[in-house]
Amino acid sequence: MKKLFRLLVLAAGIFVMKPAVAQTTDPAAFTGAQPKINHYDALYIINSSDEKKIGATIRNINNALEDPRLKSKLNIELIAFGDGVATYQKSGPFEQALKGLQAKGVILAQCSNTVRERHIDKNTLFDFISYVPSGNGEIILRQYEGWATVHP
Amino acid sequence: MKKLFRLLVLAAGIFVMKPAVAQTTDPAAFTGAQPKINHYDALYIINSSDEKKIGATIRNINNALEDPRLKSKLNIELIAFGDGVATYQKSGPFEQALKGLQAKGVILAQCSNTVRERHIDKNTLFDFISYVPSGNGEIILRQYEGWATVHP
Amino acid sequence: MKKLFRLLVLAAGIFVMKPAVAQTTDPAAFTGAQPKINHYDALYIINSSDEKKIGATIRNINNALEDPRLKSKLNIELIAFGDGVATYQKSGPFEQALKGLQAKGVILAQCSNTVRERHIDKNTLFDFISYVPSGNGEIILRQYEGWATVHP
């Protein structure tokens with residue numbers, strides 16, 4: 001009986017160990033990090049006026065929200081500073097995409113320092129965005145709060 | 001008496017809850033992350049020789065130091081690696097700006113790997129900077145120490 | 001006797017304090033963060049098709065693995081997404097460098113979203129890589145697991 005038990009433990013051990021060994025030897029067995037908690041916060045950072053870059057960042061946010069590992073668990077804030085203020089300009093092409101993000105709960109934040117330094121009229125920016133004292137302060141504070149940061 | 005106490009608790013509850021509710025519905029009510037501790041550390045990263053980029057990084061550091069949420073609470077190290085070594089070149093335009101950062105307590109660090117790989121004469125770099133074994137090692141170690149990282 | 005003891009304490013204090021003071025005043029005395037644990041994990045991020053950038057990222061990974069502060073203590077995963085898929089293209093020049101990283105234990109991961117969105121035939125990518133649901137999800141999840149992230 002004791003022998004059988006040992007055999008079962010051994011068999012279970014092999015069964016449990018195998019994926020771990022396979023992960024390091026077979027790339028196909030590695031499928032990425034797995035979620036362990038029910039809520040995640042991420043700060044997305046944009047400081048470029050390159051429309052390709054801004055568009056990619058918005059697409060990346062949507063992809064993260066749709067990742068099966070994070071779906072319905074992910075809260076996102078987008079912070080724009082420096083040249084990234086272009087993201088929120090009424091003259092730019094991102095109004096619908098940004099409203100789409102906001103409808104999914106994404107906070108759209110702009111660095112007040114950038115606006116002041118560059119003498120930007122706030123009326124030229126979308127009126128549905130939020131302002132924070134500085135984009136850099138936001139990046140530092142959010143990391144200390146445990147948020148992930150993504151700067152595509 | 002008990003009733004009055006309950007009423008006070010309820011009133012306090014409404015007072016405390018309101019901003020939280022407003023945050024999610026009114027973008028104007030969101031003013032960014034709030035500081036909860038008295039000391040923050042941040043590692044700024046520069047690996048570009050683009051003078052516009054270097055200048056922006058220095059400006060970003062000054063902005064973070066002046067952010068009312070972080071003022072007098074923030075310790076900063078700037079790490080240059082790869083093309084970012086241009087930041088510390090005597091032939092470049094950043095001497096005064098860097099001395100200004102140093103006067104505010106910012107550590108100015110250069111990746112030794114870059115210097116060795118590129119056969120850079122250290123005499124061509126400012127003599128008031130510090131050297132670390134590798135910029136990438138510094139980035140990893142600082143994050144494990146709980147520092148925020150900013151890569152503008 | 002008591003006086004001598006006090007003098008010794010004072011002398012020891014000066015001896016102990018000096019390096020700390022020197023660090024803040026003498027840049028040459030600062031040599032970077034020091035390792036405090038025996039295992040580190042880092043996620044390297046590439047989302048550019050610029051071969052100079054991809055090459056630099058691979059070089060940075062090798063430098064981090066060789067940093068005396070991290071040597072034999074560092075586990076690395078490289079995640080490619082967006083334009084960074086170029087890293088893993090058979091038509092590109094990185095096969096040997098990537099196999100070199102893999103031989104050192106580096107996980108080579110590709111964002112499945114990018115492959116799907118861009119209708120990329122997986123047969124055009126190296127068959128020794130791994131796939132994760134989304135690069136952005138990977139970045140967020142790894143940070144929550146305590147990994148450092150590096151985006152050169």
# chains A, B, ... in the order shown; residues from 1 in each chain; ligands from 1
>>> closest_atom_pairs(of="chain C", to="chain B", cutoff="7 Å", atoms="only C-alpha atoms", output="CSV")
residue,atom,partner,partner_atom,distance
C:Pro27,CA,B:Ser130,CA,4.9
C:Ala28,CA,B:Ser130,CA,5.4
C:Phe30,CA,B:Ser130,CA,6.0
C:Thr31,CA,B:Val132,CA,5.0
C:Gly32,CA,B:Val132,CA,4.9
C:Ala33,CA,B:Glu138,CA,6.2
C:Pro35,CA,B:Leu141,CA,6.6
C:Ala42,CA,B:Ile140,CA,6.9
C:Asn60,CA,B:Asn136,CA,6.6
C:Asn63,CA,B:Ser134,CA,6.9
C:Ala64,CA,B:Gly137,CA,5.2
C:Asp67,CA,B:Gly137,CA,6.1
C:Leu70,CA,B:Gly137,CA,6.9
C:Ala148,CA,B:Ile140,CA,5.5
>>> residues_around(residues="C:Leu98", least_positions_apart="3", cutoff="9 Å", atoms="only C-alpha atoms", output="list of chain:residue names")
C:Ile58, C:Thr87, C:Tyr88, C:Phe94, C:Glu95, C:Leu101, C:Gln102, C:Ala103, C:Val106, C:Leu108
>>> write_last_selection(atoms="N, CA and C atoms", output="CSV table (one decimal), in the first residue's frame")
chain,number,residue,atom,x,y,z
C,58,ILE,N,19.4,43.5,-28.7
C,58,ILE,CA,20.1,42.2,-28.5
C,58,ILE,C,21.4,42.5,-27.8
C,87,THR,N,12.1,41.5,-35.9
C,87,THR,CA,13.2,40.8,-35.1
C,87,THR,C,13.2,39.3,-35.5
C,88,TYR,N,12.0,38.7,-35.7
C,88,TYR,CA,11.9,37.3,-35.8
C,88,TYR,C,11.7,36.8,-37.2
C,94,PHE,N,18.9,38.3,-38.0
C,94,PHE,CA,19.1,38.1,-36.5
C,94,PHE,C,19.1,36.7,-36.1
C,95,GLU,N,19.1,35.7,-37.0
C,95,GLU,CA,19.0,34.3,-36.6
C,95,GLU,C,20.1,33.9,-35.6
C,101,LEU,N,21.1,34.1,-27.9
C,101,LEU,CA,20.3,34.5,-26.7
C,101,LEU,C,19.6,33.3,-26.1
C,102,GLN,N,19.0,32.5,-27.0
C,102,GLN,CA,18.2,31.4,-26.6
C,102,GLN,C,19.1,30.4,-25.9
C,103,ALA,N,20.3,30.2,-26.3
C,103,ALA,CA,21.3,29.3,-25.7
C,103,ALA,C,21.6,29.8,-24.3
C,106,VAL,N,17.4,32.9,-22.8
C,106,VAL,CA,16.4,34.0,-23.0
C,106,VAL,C,15.2,33.4,-23.8
C,108,LEU,N,12.2,33.9,-26.2
C,108,LEU,CA,11.9,34.8,-27.4
C,108,LEU,C,10.4,34.7,-27.7
>>> atom_distance(atom1="atom CA of B:Asp50", atom2="atom CA of C:Lys53")
14.3 Å
>>> select_by_dssp(residues="chain B", states="alpha helix (DSSP H)", output="PyMOL selection string")
chain B and resi 2-25+51-66+95-103+112-117+135-144
>>> select_by_dssp(residues="chain A", states="strand (DSSP E or B)", output="MDAnalysis selection string")
chainID A and resid 40:46 74:80 89 107:111 125 130:132 148:150
>>> atom_distance(atom1="atom CA of B:Gly55", atom2="atom CA of C:Leu43")
27.7 Å
